[in-house]
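**Q** Sending over a structure as structure tokens; questions will come in a sec.
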Protein chains: 2
Amino acid sequence: MSNNFRSEAEKADYRIAIIGGTGKEGRGLAFRWALAGHNLIIGSRAIEKAQITADEINALLPGGARRVSGLENIQAADWAEIVVLTVPYSAHVSMLEYLKDAVKGKVVIDVSVPLVPPKVTIAQMPAAGSAGREAQKILGEDTPVVMAFQNISYERLINEKDIDCDVLVCGTSKEARDTVIRLVEEAGMTAWDAGPMANAFVIEGLTSVLLHINKRYGSKETGIKITGVTKEIRES
Amino acid sequence: MSNNFRSEAEKADYRIAIIGGTGKEGRGLAFRWALAGHNLIIGSRAIEKAQITADEINALLPGGARRVSGLENIQAADWAEIVVLTVPYSAHVSMLEYLKDAVKGKVVIDVSVPLVPPKVTIAQMPAAGSAGREAQKILGEDTPVVMAFQNISYERLINEKDIDCDVLVCGTSKEARDTVIRLVEEAGMTAWDAGPMANAFVIEGLTSVLLHINKRYGSKETGIKITGVTKEIRES
């Protein structure tokens, strides 16, 4: 597979673009990855909005942290090595089609969940089977798509609070999953390899189950932790 | 809906039949519910096998516990108020069709996961959308089906070890879910209301994700715990 992401062994910083990064998901992830030393650009449809969000994130970062910038979405995607999609699900297909050429061969991290308002506590998948399969189908086989962060309460990302929810990571390329697992851990969360993209509907659907538990038991931040296993990876 | 299960307020014991109860899932659940004071019958295709399993479970129970008996599957289902289906997935449809009349109006707890060997780490659903929907479709609307225990390592049930895995419970009838949540808790596990049967594919598919994590990280008992919420139920 042709791509330009680095091997797990290289402990380098990445150029990361957060597409639709003016929302709370994008802000939270940008903040945490900038803290971890990565090079971040917020993408938005309007460059001014992207720059305002970047400035707001910079105001939260400590003095020594690398500054976050703002660009139009496609410029941000062109510049990046890793492209993170944090647009509302209603814009999922159109944004992927718009970005297709700009992200070719890059690792695309897709945080999307195909919620169908108002019944967000009932899991429903698009015709492709999952948002992940939908994204992979649009972007083609040369661009590894990895699903992550589907089950996180984004309110918790923007501050430095510990997040009591693990991140399940899936996607067809094991190499790309490993890259994303490293990035999740650098953002301060525990990540688990949840397998190929065929499992994406489980991770996406789990969000509706957690929202149902929120509603039934009166919470706003139901999450999951994986138990019974330690993170000493055995390479197969 | 016509059914004969008791309201949550009545703290009674139940007559519980474990269909296909000679397997490790059925043994473990029967053992724990007998310990909790319920009235258990192991069902099997052959009554002799059912009785041998019942004797083996009785040998593990303390002196004061109510004895477990064995019957042919359909006799056990006829006798019971609550019927638990623990047959291999390959027998799922045929056993449900066989039991349909005997379980009419009763709560049916289905532990099935539609795993497709040898690729058990990849989640795949039957044509009905999930094993749960398949069961509900066969049994009809008068018989509430509840999915539970899909994500539990059954090796842990037969001893009295604490189980570090929560149980997600789903099914269309909220009353039936509440009955099953009580039974899960009496078996020594934490149960969560995961919503209607439309969410069953998530709970079933999660088993493949956990098996993938087992394989990748070298465990045999990966599980999940729900976080960020307490079990003070707010009735809606």
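Letters A, B, ... go to the chains of the structure tokens in the order shown; residues in each chain start at 1; ligands are counted from 1 in the same order.
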Excluding stretch 82-96 of chain B and any residue of its chain fewer than 2 positions from it, enumerate the residues within 6 Å of it, using only C-alpha atoms, and give them as a PDB file with all heavy atoms, in the first residue's frame.
**A**
```
ATOM      1  N   ILE B  16     -36.534 -21.536  36.505  1.00  0.00           N
ATOM      2  CA  ILE B  16     -35.691 -21.196  35.353  1.00  0.00           C
ATOM      3  C   ILE B  16     -35.233 -22.474  34.661  1.00  0.00           C
ATOM      4  O   ILE B  16     -34.660 -23.367  35.294  1.00  0.00           O
ATOM      5  CB  ILE B  16     -34.439 -20.396  35.796  1.00  0.00           C
ATOM      6  CG1 ILE B  16     -34.850 -19.147  36.590  1.00  0.00           C
ATOM      7  CG2 ILE B  16     -33.574 -20.032  34.590  1.00  0.00           C
ATOM      8  CD1 ILE B  16     -33.667 -18.363  37.174  1.00  0.00           C
ATOM      9  N   ALA B  17     -35.484 -22.559  33.351  1.00  0.00           N
ATOM     10  CA  ALA B  17     -34.974 -23.687  32.558  1.00  0.00           C
ATOM     11  C   ALA B  17     -33.787 -23.221  31.731  1.00  0.00           C
ATOM     12  O   ALA B  17     -33.845 -22.161  31.099  1.00  0.00           O
ATOM     13  CB  ALA B  17     -36.068 -24.201  31.622  1.00  0.00           C
ATOM     14  N   ILE B  18     -32.708 -24.021  31.749  1.00  0.00           N
ATOM     15  CA  ILE B  18     -31.539 -23.694  30.933  1.00  0.00           C
ATOM     16  C   ILE B  18     -31.516 -24.671  29.757  1.00  0.00           C
ATOM     17  O   ILE B  18     -31.131 -25.840  29.911  1.00  0.00           O
ATOM     18  CB  ILE B  18     -30.235 -23.826  31.746  1.00  0.00           C
ATOM     19  CG1 ILE B  18     -30.348 -23.174  33.128  1.00  0.00           C
ATOM     20  CG2 ILE B  18     -29.063 -23.268  30.936  1.00  0.00           C
ATOM     21  CD1 ILE B  18     -30.197 -21.691  33.148  1.00  0.00           C
ATOM     22  N   ILE B  19     -31.921 -24.177  28.601  1.00  0.00           N
ATOM     23  CA  ILE B  19     -31.989 -25.019  27.403  1.00  0.00           C
ATOM     24  C   ILE B  19     -30.571 -25.209  26.839  1.00  0.00           C
ATOM     25  O   ILE B  19     -29.830 -24.231  26.694  1.00  0.00           O
ATOM     26  CB  ILE B  19     -32.891 -24.345  26.335  1.00  0.00           C
ATOM     27  CG1 ILE B  19     -34.280 -24.043  26.917  1.00  0.00           C
ATOM     28  CG2 ILE B  19     -32.965 -25.208  25.073  1.00  0.00           C
ATOM     29  CD1 ILE B  19     -35.010 -25.237  27.496  1.00  0.00           C
ATOM     30  N   GLY B  20     -30.225 -26.453  26.535  1.00  0.00           N
ATOM     31  CA  GLY B  20     -28.838 -26.720  26.132  1.00  0.00           C
ATOM     32  C   GLY B  20     -27.908 -26.517  27.316  1.00  0.00           C
ATOM     33  O   GLY B  20     -26.767 -26.093  27.165  1.00  0.00           O
ATOM     34  N   GLY B  26     -24.401 -22.798  30.251  1.00  0.00           N
ATOM     35  CA  GLY B  26     -25.585 -23.209  31.004  1.00  0.00           C
ATOM     36  C   GLY B  26     -25.249 -23.672  32.406  1.00  0.00           C
ATOM     37  O   GLY B  26     -25.928 -23.305  33.370  1.00  0.00           O
ATOM     38  N   ALA B  80     -40.932 -24.086  33.026  1.00  0.00           N
ATOM     39  CA  ALA B  80     -40.285 -22.868  33.513  1.00  0.00           C
ATOM     40  C   ALA B  80     -41.135 -21.618  33.359  1.00  0.00           C
ATOM     41  O   ALA B  80     -42.068 -21.562  32.549  1.00  0.00           O
ATOM     42  CB  ALA B  80     -38.970 -22.661  32.762  1.00  0.00           C
ATOM     43  N   TYR B  98     -38.393 -25.177  17.561  1.00  0.00           N
ATOM     44  CA  TYR B  98     -38.814 -26.338  18.352  1.00  0.00           C
ATOM     45  C   TYR B  98     -39.501 -25.906  19.653  1.00  0.00           C
ATOM     46  O   TYR B  98     -40.496 -26.504  20.084  1.00  0.00           O
ATOM     47  CB  TYR B  98     -37.567 -27.185  18.639  1.00  0.00           C
ATOM     48  CG  TYR B  98     -37.752 -28.382  19.514  1.00  0.00           C
ATOM     49  CD1 TYR B  98     -38.565 -29.452  19.137  1.00  0.00           C
ATOM     50  CD2 TYR B  98     -37.069 -28.473  20.731  1.00  0.00           C
ATOM     51  CE1 TYR B  98     -38.704 -30.567  19.943  1.00  0.00           C
ATOM     52  CE2 TYR B  98     -37.193 -29.590  21.544  1.00  0.00           C
ATOM     53  CZ  TYR B  98     -38.015 -30.636  21.148  1.00  0.00           C
ATOM     54  OH  TYR B  98     -38.152 -31.738  21.943  1.00  0.00           O
ATOM     55  N   LEU B  99     -39.005 -24.844  20.260  1.00  0.00           N
ATOM     56  CA  LEU B  99     -39.500 -24.423  21.578  1.00  0.00           C
ATOM     57  C   LEU B  99     -40.634 -23.404  21.518  1.00  0.00           C
ATOM     58  O   LEU B  99     -41.224 -23.066  22.548  1.00  0.00           O
ATOM     59  CB  LEU B  99     -38.357 -23.793  22.394  1.00  0.00           C
ATOM     60  CG  LEU B  99     -37.205 -24.688  22.804  1.00  0.00           C
ATOM     61  CD1 LEU B  99     -36.160 -23.853  23.531  1.00  0.00           C
ATOM     62  CD2 LEU B  99     -37.695 -25.823  23.716  1.00  0.00           C
ATOM     63  N   LYS B 100     -40.912 -22.907  20.340  1.00  0.00           N
ATOM     64  CA  LYS B 100     -41.801 -21.745  20.199  1.00  0.00           C
ATOM     65  C   LYS B 100     -43.074 -21.818  21.038  1.00  0.00           C
ATOM     66  O   LYS B 100     -43.388 -20.894  21.785  1.00  0.00           O
ATOM     67  CB  LYS B 100     -42.156 -21.566  18.713  1.00  0.00           C
ATOM     68  CG  LYS B 100     -43.032 -20.361  18.454  1.00  0.00           C
ATOM     69  CD  LYS B 100     -43.282 -20.139  16.972  1.00  0.00           C
ATOM     70  CE  LYS B 100     -44.244 -18.958  16.820  1.00  0.00           C
ATOM     71  NZ  LYS B 100     -44.505 -18.641  15.403  1.00  0.00           N
ATOM     72  N   LYS B 106     -43.473 -16.361  27.911  1.00  0.00           N
ATOM     73  CA  LYS B 106     -42.449 -16.369  28.965  1.00  0.00           C
ATOM     74  C   LYS B 106     -41.291 -15.451  28.581  1.00  0.00           C
ATOM     75  O   LYS B 106     -41.131 -15.118  27.411  1.00  0.00           O
ATOM     76  CB  LYS B 106     -41.929 -17.805  29.145  1.00  0.00           C
ATOM     77  CG  LYS B 106     -43.043 -18.789  29.493  1.00  0.00           C
ATOM     78  CD  LYS B 106     -42.556 -20.218  29.628  1.00  0.00           C
ATOM     79  CE  LYS B 106     -43.753 -21.092  30.032  1.00  0.00           C
ATOM     80  NZ  LYS B 106     -43.368 -22.495  30.274  1.00  0.00           N
ATOM     81  N   VAL B 107     -40.515 -15.078  29.572  1.00  0.00           N
ATOM     82  CA  VAL B 107     -39.293 -14.328  29.267  1.00  0.00           C
ATOM     83  C   VAL B 107     -38.246 -15.323  28.766  1.00  0.00           C
ATOM     84  O   VAL B 107     -37.921 -16.294  29.456  1.00  0.00           O
ATOM     85  CB  VAL B 107     -38.745 -13.590  30.507  1.00  0.00           C
ATOM     86  CG1 VAL B 107     -37.392 -12.953  30.193  1.00  0.00           C
ATOM     87  CG2 VAL B 107     -39.740 -12.524  30.972  1.00  0.00           C
ATOM     88  N   VAL B 108     -37.720 -15.070  27.567  1.00  0.00           N
ATOM     89  CA  VAL B 108     -36.655 -15.908  27.018  1.00  0.00           C
ATOM     90  C   VAL B 108     -35.351 -15.109  27.074  1.00  0.00           C
ATOM     91  O   VAL B 108     -35.262 -14.023  26.493  1.00  0.00           O
ATOM     92  CB  VAL B 108     -36.969 -16.329  25.576  1.00  0.00           C
ATOM     93  CG1 VAL B 108     -35.779 -17.059  24.948  1.00  0.00           C
ATOM     94  CG2 VAL B 108     -38.213 -17.215  25.543  1.00  0.00           C
ATOM     95  N   ILE B 109     -34.375 -15.644  27.803  1.00  0.00           N
ATOM     96  CA  ILE B 109     -33.048 -15.019  27.848  1.00  0.00           C
ATOM     97  C   ILE B 109     -32.174 -15.759  26.848  1.00  0.00           C
ATOM     98  O   ILE B 109     -31.981 -16.971  26.962  1.00  0.00           O
ATOM     99  CB  ILE B 109     -32.430 -15.109  29.259  1.00  0.00           C
ATOM    100  CG1 ILE B 109     -33.368 -14.496  30.301  1.00  0.00           C
ATOM    101  CG2 ILE B 109     -31.055 -14.440  29.276  1.00  0.00           C
ATOM    102  CD1 ILE B 109     -32.841 -14.587  31.740  1.00  0.00           C
ATOM    103  N   ASP B 110     -31.656 -15.019  25.875  1.00  0.00           N
ATOM    104  CA  ASP B 110     -30.876 -15.632  24.807  1.00  0.00           C
ATOM    105  C   ASP B 110     -29.423 -15.164  24.954  1.00  0.00           C
ATOM    106  O   ASP B 110     -29.141 -13.961  24.874  1.00  0.00           O
ATOM    107  CB  ASP B 110     -31.476 -15.205  23.455  1.00  0.00           C
ATOM    108  CG  ASP B 110     -30.896 -15.965  22.276  1.00  0.00           C
ATOM    109  OD1 ASP B 110     -29.835 -16.598  22.419  1.00  0.00           O
ATOM    110  OD2 ASP B 110     -31.511 -15.901  21.185  1.00  0.00           O
ATOM    111  N   VAL B 111     -28.503 -16.102  25.174  1.00  0.00           N
ATOM    112  CA  VAL B 111     -27.086 -15.744  25.346  1.00  0.00           C
ATOM    113  C   VAL B 111     -26.318 -15.859  24.018  1.00  0.00           C
ATOM    114  O   VAL B 111     -25.098 -15.691  23.993  1.00  0.00           O
ATOM    115  CB  VAL B 111     -26.387 -16.631  26.412  1.00  0.00           C
ATOM    116  CG1 VAL B 111     -27.195 -16.700  27.695  1.00  0.00           C
ATOM    117  CG2 VAL B 111     -26.088 -18.029  25.893  1.00  0.00           C
ATOM    118  N   PRO B 114     -23.757 -14.677  17.202  1.00  0.00           N
ATOM    119  CA  PRO B 114     -23.670 -15.295  15.871  1.00  0.00           C
ATOM    120  C   PRO B 114     -22.242 -15.318  15.330  1.00  0.00           C
ATOM    121  O   PRO B 114     -21.965 -14.730  14.291  1.00  0.00           O
ATOM    122  CB  PRO B 114     -24.596 -14.408  15.028  1.00  0.00           C
ATOM    123  CG  PRO B 114     -24.511 -13.062  15.673  1.00  0.00           C
ATOM    124  CD  PRO B 114     -24.326 -13.318  17.149  1.00  0.00           C
TER     125      PRO B 114
END
```
**Q** Please find the residues of chain B near chain A - the criterion being any atom within 8 Å, counting only C-alpha atoms - and write them as a PyMOL selection string.
**A** chain B and resi 121-123+164-165+192-196+198-199+201-203+205-206+208-210+212-214+216-236
**Q** Neighbouring residues of B:Thr190 were defined as those with any atom within 7 Å, considering only C-alpha atoms; residues of the same chain fewer than 3 positions away were excluded. Please report them as an MDAnalysis selection string.
**A** chainID B and resid 166:167 184:185
**Q** Keeping all heavy atoms for every residue in the selection just given, could you write it to a file as a short mmCIF file (atom, residue, chain, number, x, y, z; two decimals), in the first residue's frame?
**A**
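As a result, selection.cif now contains:
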```cif
data_model
loop_
_atom_site.label_atom_id
_atom_site.label_comp_id
_atom_site.auth_asym_id
_atom_site.auth_seq_id
_atom_site.Cartn_x
_atom_site.Cartn_y
_atom_site.Cartn_z
N ASP B 166 -19.03 -6.48 32.84
CA ASP B 166 -20.44 -6.13 33.00
C ASP B 166 -21.29 -6.83 31.94
O ASP B 166 -20.78 -7.28 30.92
CB ASP B 166 -20.63 -4.62 32.88
CG ASP B 166 -20.12 -3.88 34.10
OD1 ASP B 166 -19.70 -4.54 35.08
OD2 ASP B 166 -20.14 -2.64 34.09
N VAL B 167 -22.58 -6.90 32.22
CA VAL B 167 -23.51 -7.54 31.29
C VAL B 167 -24.43 -6.47 30.70
O VAL B 167 -25.12 -5.76 31.43
CB VAL B 167 -24.34 -8.63 32.01
CG1 VAL B 167 -25.39 -9.22 31.08
CG2 VAL B 167 -23.41 -9.72 32.53
N VAL B 184 -29.35 -11.07 36.48
CA VAL B 184 -27.89 -10.92 36.27
C VAL B 184 -27.21 -10.51 37.57
O VAL B 184 -26.17 -11.06 37.95
CB VAL B 184 -27.60 -9.89 35.16
CG1 VAL B 184 -26.09 -9.65 35.05
CG2 VAL B 184 -28.16 -10.34 33.82
N GLU B 185 -27.83 -9.57 38.26
CA GLU B 185 -27.24 -9.09 39.51
C GLU B 185 -27.23 -10.22 40.55
O GLU B 185 -26.27 -10.38 41.31
CB GLU B 185 -28.02 -7.88 40.05
CG GLU B 185 -28.16 -6.73 39.06
CD GLU B 185 -27.05 -5.69 39.17
OE1 GLU B 185 -26.26 -5.76 40.12
OE2 GLU B 185 -26.99 -4.80 38.29
#
```
**Q** Determine the nearest neighbour of A:Glu72 from the options A:Asp142, A:Glu186, A:Glu48, A:Asp101, counting only C-alpha atoms.
**A**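 The closest residue to A:Glu72 is A:Glu48.
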**Q** Which distance in Å separates atom CA of B:Val103 and atom CA of B:Leu60, to one decimal?
**A**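 Atom CA of B:Leu60 lies 28.8 Å from atom CA of B:Val103.
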**Q** So which residues touch A:Ser69 within 7 Å, counting only C-alpha atoms, skipping near sequence neighbours fewer than 4 positions away, as a list in words?
**A**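 With the cut-off at 7 Å, the set is Leu40, Ile41, Ile42, Gln51 and Ala54 of chain A.
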**Q** Please extract the residues of chain B with a backbone DSSP assignment of alpha helix (DSSP H) and present them as JSON, numbers by chain.
**A** {"B": [24, 25, 26, 27, 28, 29, 30, 31, 32, 33, 34, 35, 47, 48, 49, 50, 51, 52, 53, 54, 55, 56, 57, 58, 59, 60, 73, 74, 75, 76, 77, 78, 79, 92, 93, 94, 95, 96, 97, 98, 99, 131, 132, 133, 134, 135, 136, 137, 138, 139, 174, 175, 176, 177, 178, 179, 180, 181, 182, 183, 184, 185, 186, 200, 201, 202, 203, 204, 205, 206, 207, 208, 209, 210, 211, 212, 213, 214, 215, 216, 217]}
**Q** If you run DSSP over the backbone, which residues in chain B end up strand (DSSP E)? Put them as number ranges by chain.
**A** B: 15-19, 39-44, 69-72, 82-85, 107-110, 145-147, 167-170, 191-195, 223-227
**Q** Keeping only C-alpha atoms, write those residues as a PDB file, in the first residue's frame.
**A**
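The new file selection20.pdb reads:
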```
ATOM      1  CA  ARG B  15     -38.537 -21.439  37.855  1.00  0.00           C
ATOM      2  CA  ILE B  16     -35.691 -21.196  35.353  1.00  0.00           C
ATOM      3  CA  ALA B  17     -34.974 -23.687  32.558  1.00  0.00           C
ATOM      4  CA  ILE B  18     -31.539 -23.694  30.933  1.00  0.00           C
ATOM      5  CA  ILE B  19     -31.989 -25.019  27.403  1.00  0.00           C
ATOM      6  CA  ASN B  39     -35.476 -23.216  41.077  1.00  0.00           C
ATOM      7  CA  LEU B  40     -33.412 -24.609  38.191  1.00  0.00           C
ATOM      8  CA  ILE B  41     -33.866 -27.289  35.583  1.00  0.00           C
ATOM      9  CA  ILE B  42     -31.165 -28.182  33.098  1.00  0.00           C
ATOM     10  CA  GLY B  43     -32.576 -29.028  29.672  1.00  0.00           C
ATOM     11  CA  SER B  44     -30.849 -31.168  27.080  1.00  0.00           C
ATOM     12  CA  SER B  69     -32.857 -31.267  38.133  1.00  0.00           C
ATOM     13  CA  GLY B  70     -32.549 -32.388  34.518  1.00  0.00           C
ATOM     14  CA  LEU B  71     -35.221 -32.771  31.816  1.00  0.00           C
ATOM     15  CA  GLU B  72     -35.542 -32.936  28.047  1.00  0.00           C
ATOM     16  CA  ILE B  82     -38.020 -18.060  32.497  1.00  0.00           C
ATOM     17  CA  VAL B  83     -36.286 -19.912  29.681  1.00  0.00           C
ATOM     18  CA  VAL B  84     -32.575 -19.409  29.016  1.00  0.00           C
ATOM     19  CA  LEU B  85     -31.237 -20.388  25.611  1.00  0.00           C
ATOM     20  CA  VAL B 107     -39.293 -14.328  29.267  1.00  0.00           C
ATOM     21  CA  VAL B 108     -36.655 -15.908  27.018  1.00  0.00           C
ATOM     22  CA  ILE B 109     -33.048 -15.019  27.848  1.00  0.00           C
ATOM     23  CA  ASP B 110     -30.876 -15.632  24.807  1.00  0.00           C
ATOM     24  CA  VAL B 145     -36.738 -12.045  24.219  1.00  0.00           C
ATOM     25  CA  VAL B 146     -33.872 -10.492  26.170  1.00  0.00           C
ATOM     26  CA  MET B 147     -30.222 -10.719  25.112  1.00  0.00           C
ATOM     27  CA  VAL B 167     -23.514  -7.541  31.291  1.00  0.00           C
ATOM     28  CA  LEU B 168     -25.316  -5.445  28.674  1.00  0.00           C
ATOM     29  CA  VAL B 169     -29.002  -6.346  28.520  1.00  0.00           C
ATOM     30  CA  CYS B 170     -31.239  -5.543  25.567  1.00  0.00           C
ATOM     31  CA  ALA B 191     -26.058  -5.438  34.480  1.00  0.00           C
ATOM     32  CA  TRP B 192     -26.939  -2.382  32.383  1.00  0.00           C
ATOM     33  CA  ASP B 193     -30.048  -1.650  30.371  1.00  0.00           C
ATOM     34  CA  ALA B 194     -28.662  -1.383  26.836  1.00  0.00           C
ATOM     35  CA  GLY B 195     -32.001  -0.609  25.197  1.00  0.00           C
ATOM     36  CA  GLY B 223     -14.238  -8.008  29.094  1.00  0.00           C
ATOM     37  CA  ILE B 224     -15.784  -4.565  29.512  1.00  0.00           C
ATOM     38  CA  LYS B 225     -16.889  -2.409  32.409  1.00  0.00           C
ATOM     39  CA  ILE B 226     -19.255   0.510  32.083  1.00  0.00           C
ATOM     40  CA  THR B 227     -17.839   3.740  33.565  1.00  0.00           C
TER      41      THR B 227
END
```
**Q** Restricting the calculation to only C-alpha atoms: of A:Gly23, A:Gly188, A:Pro118, A:Gly140, which residue gets closest to A:Glu97?
**A**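 Using only C-alpha atoms, A:Glu97 sits closest to A:Gly140.
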**Q** State, in Å with one decimal place, the distance from atom CA of A:Val68 to atom CA of A:Ala46.
**A** 16.2 Å
**Q** Which value, in Å to one decimal, gives the distance between atom CA of A:Thr179 and atom CA of A:Leu157?
**A**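 It comes out at 19.9 Å.
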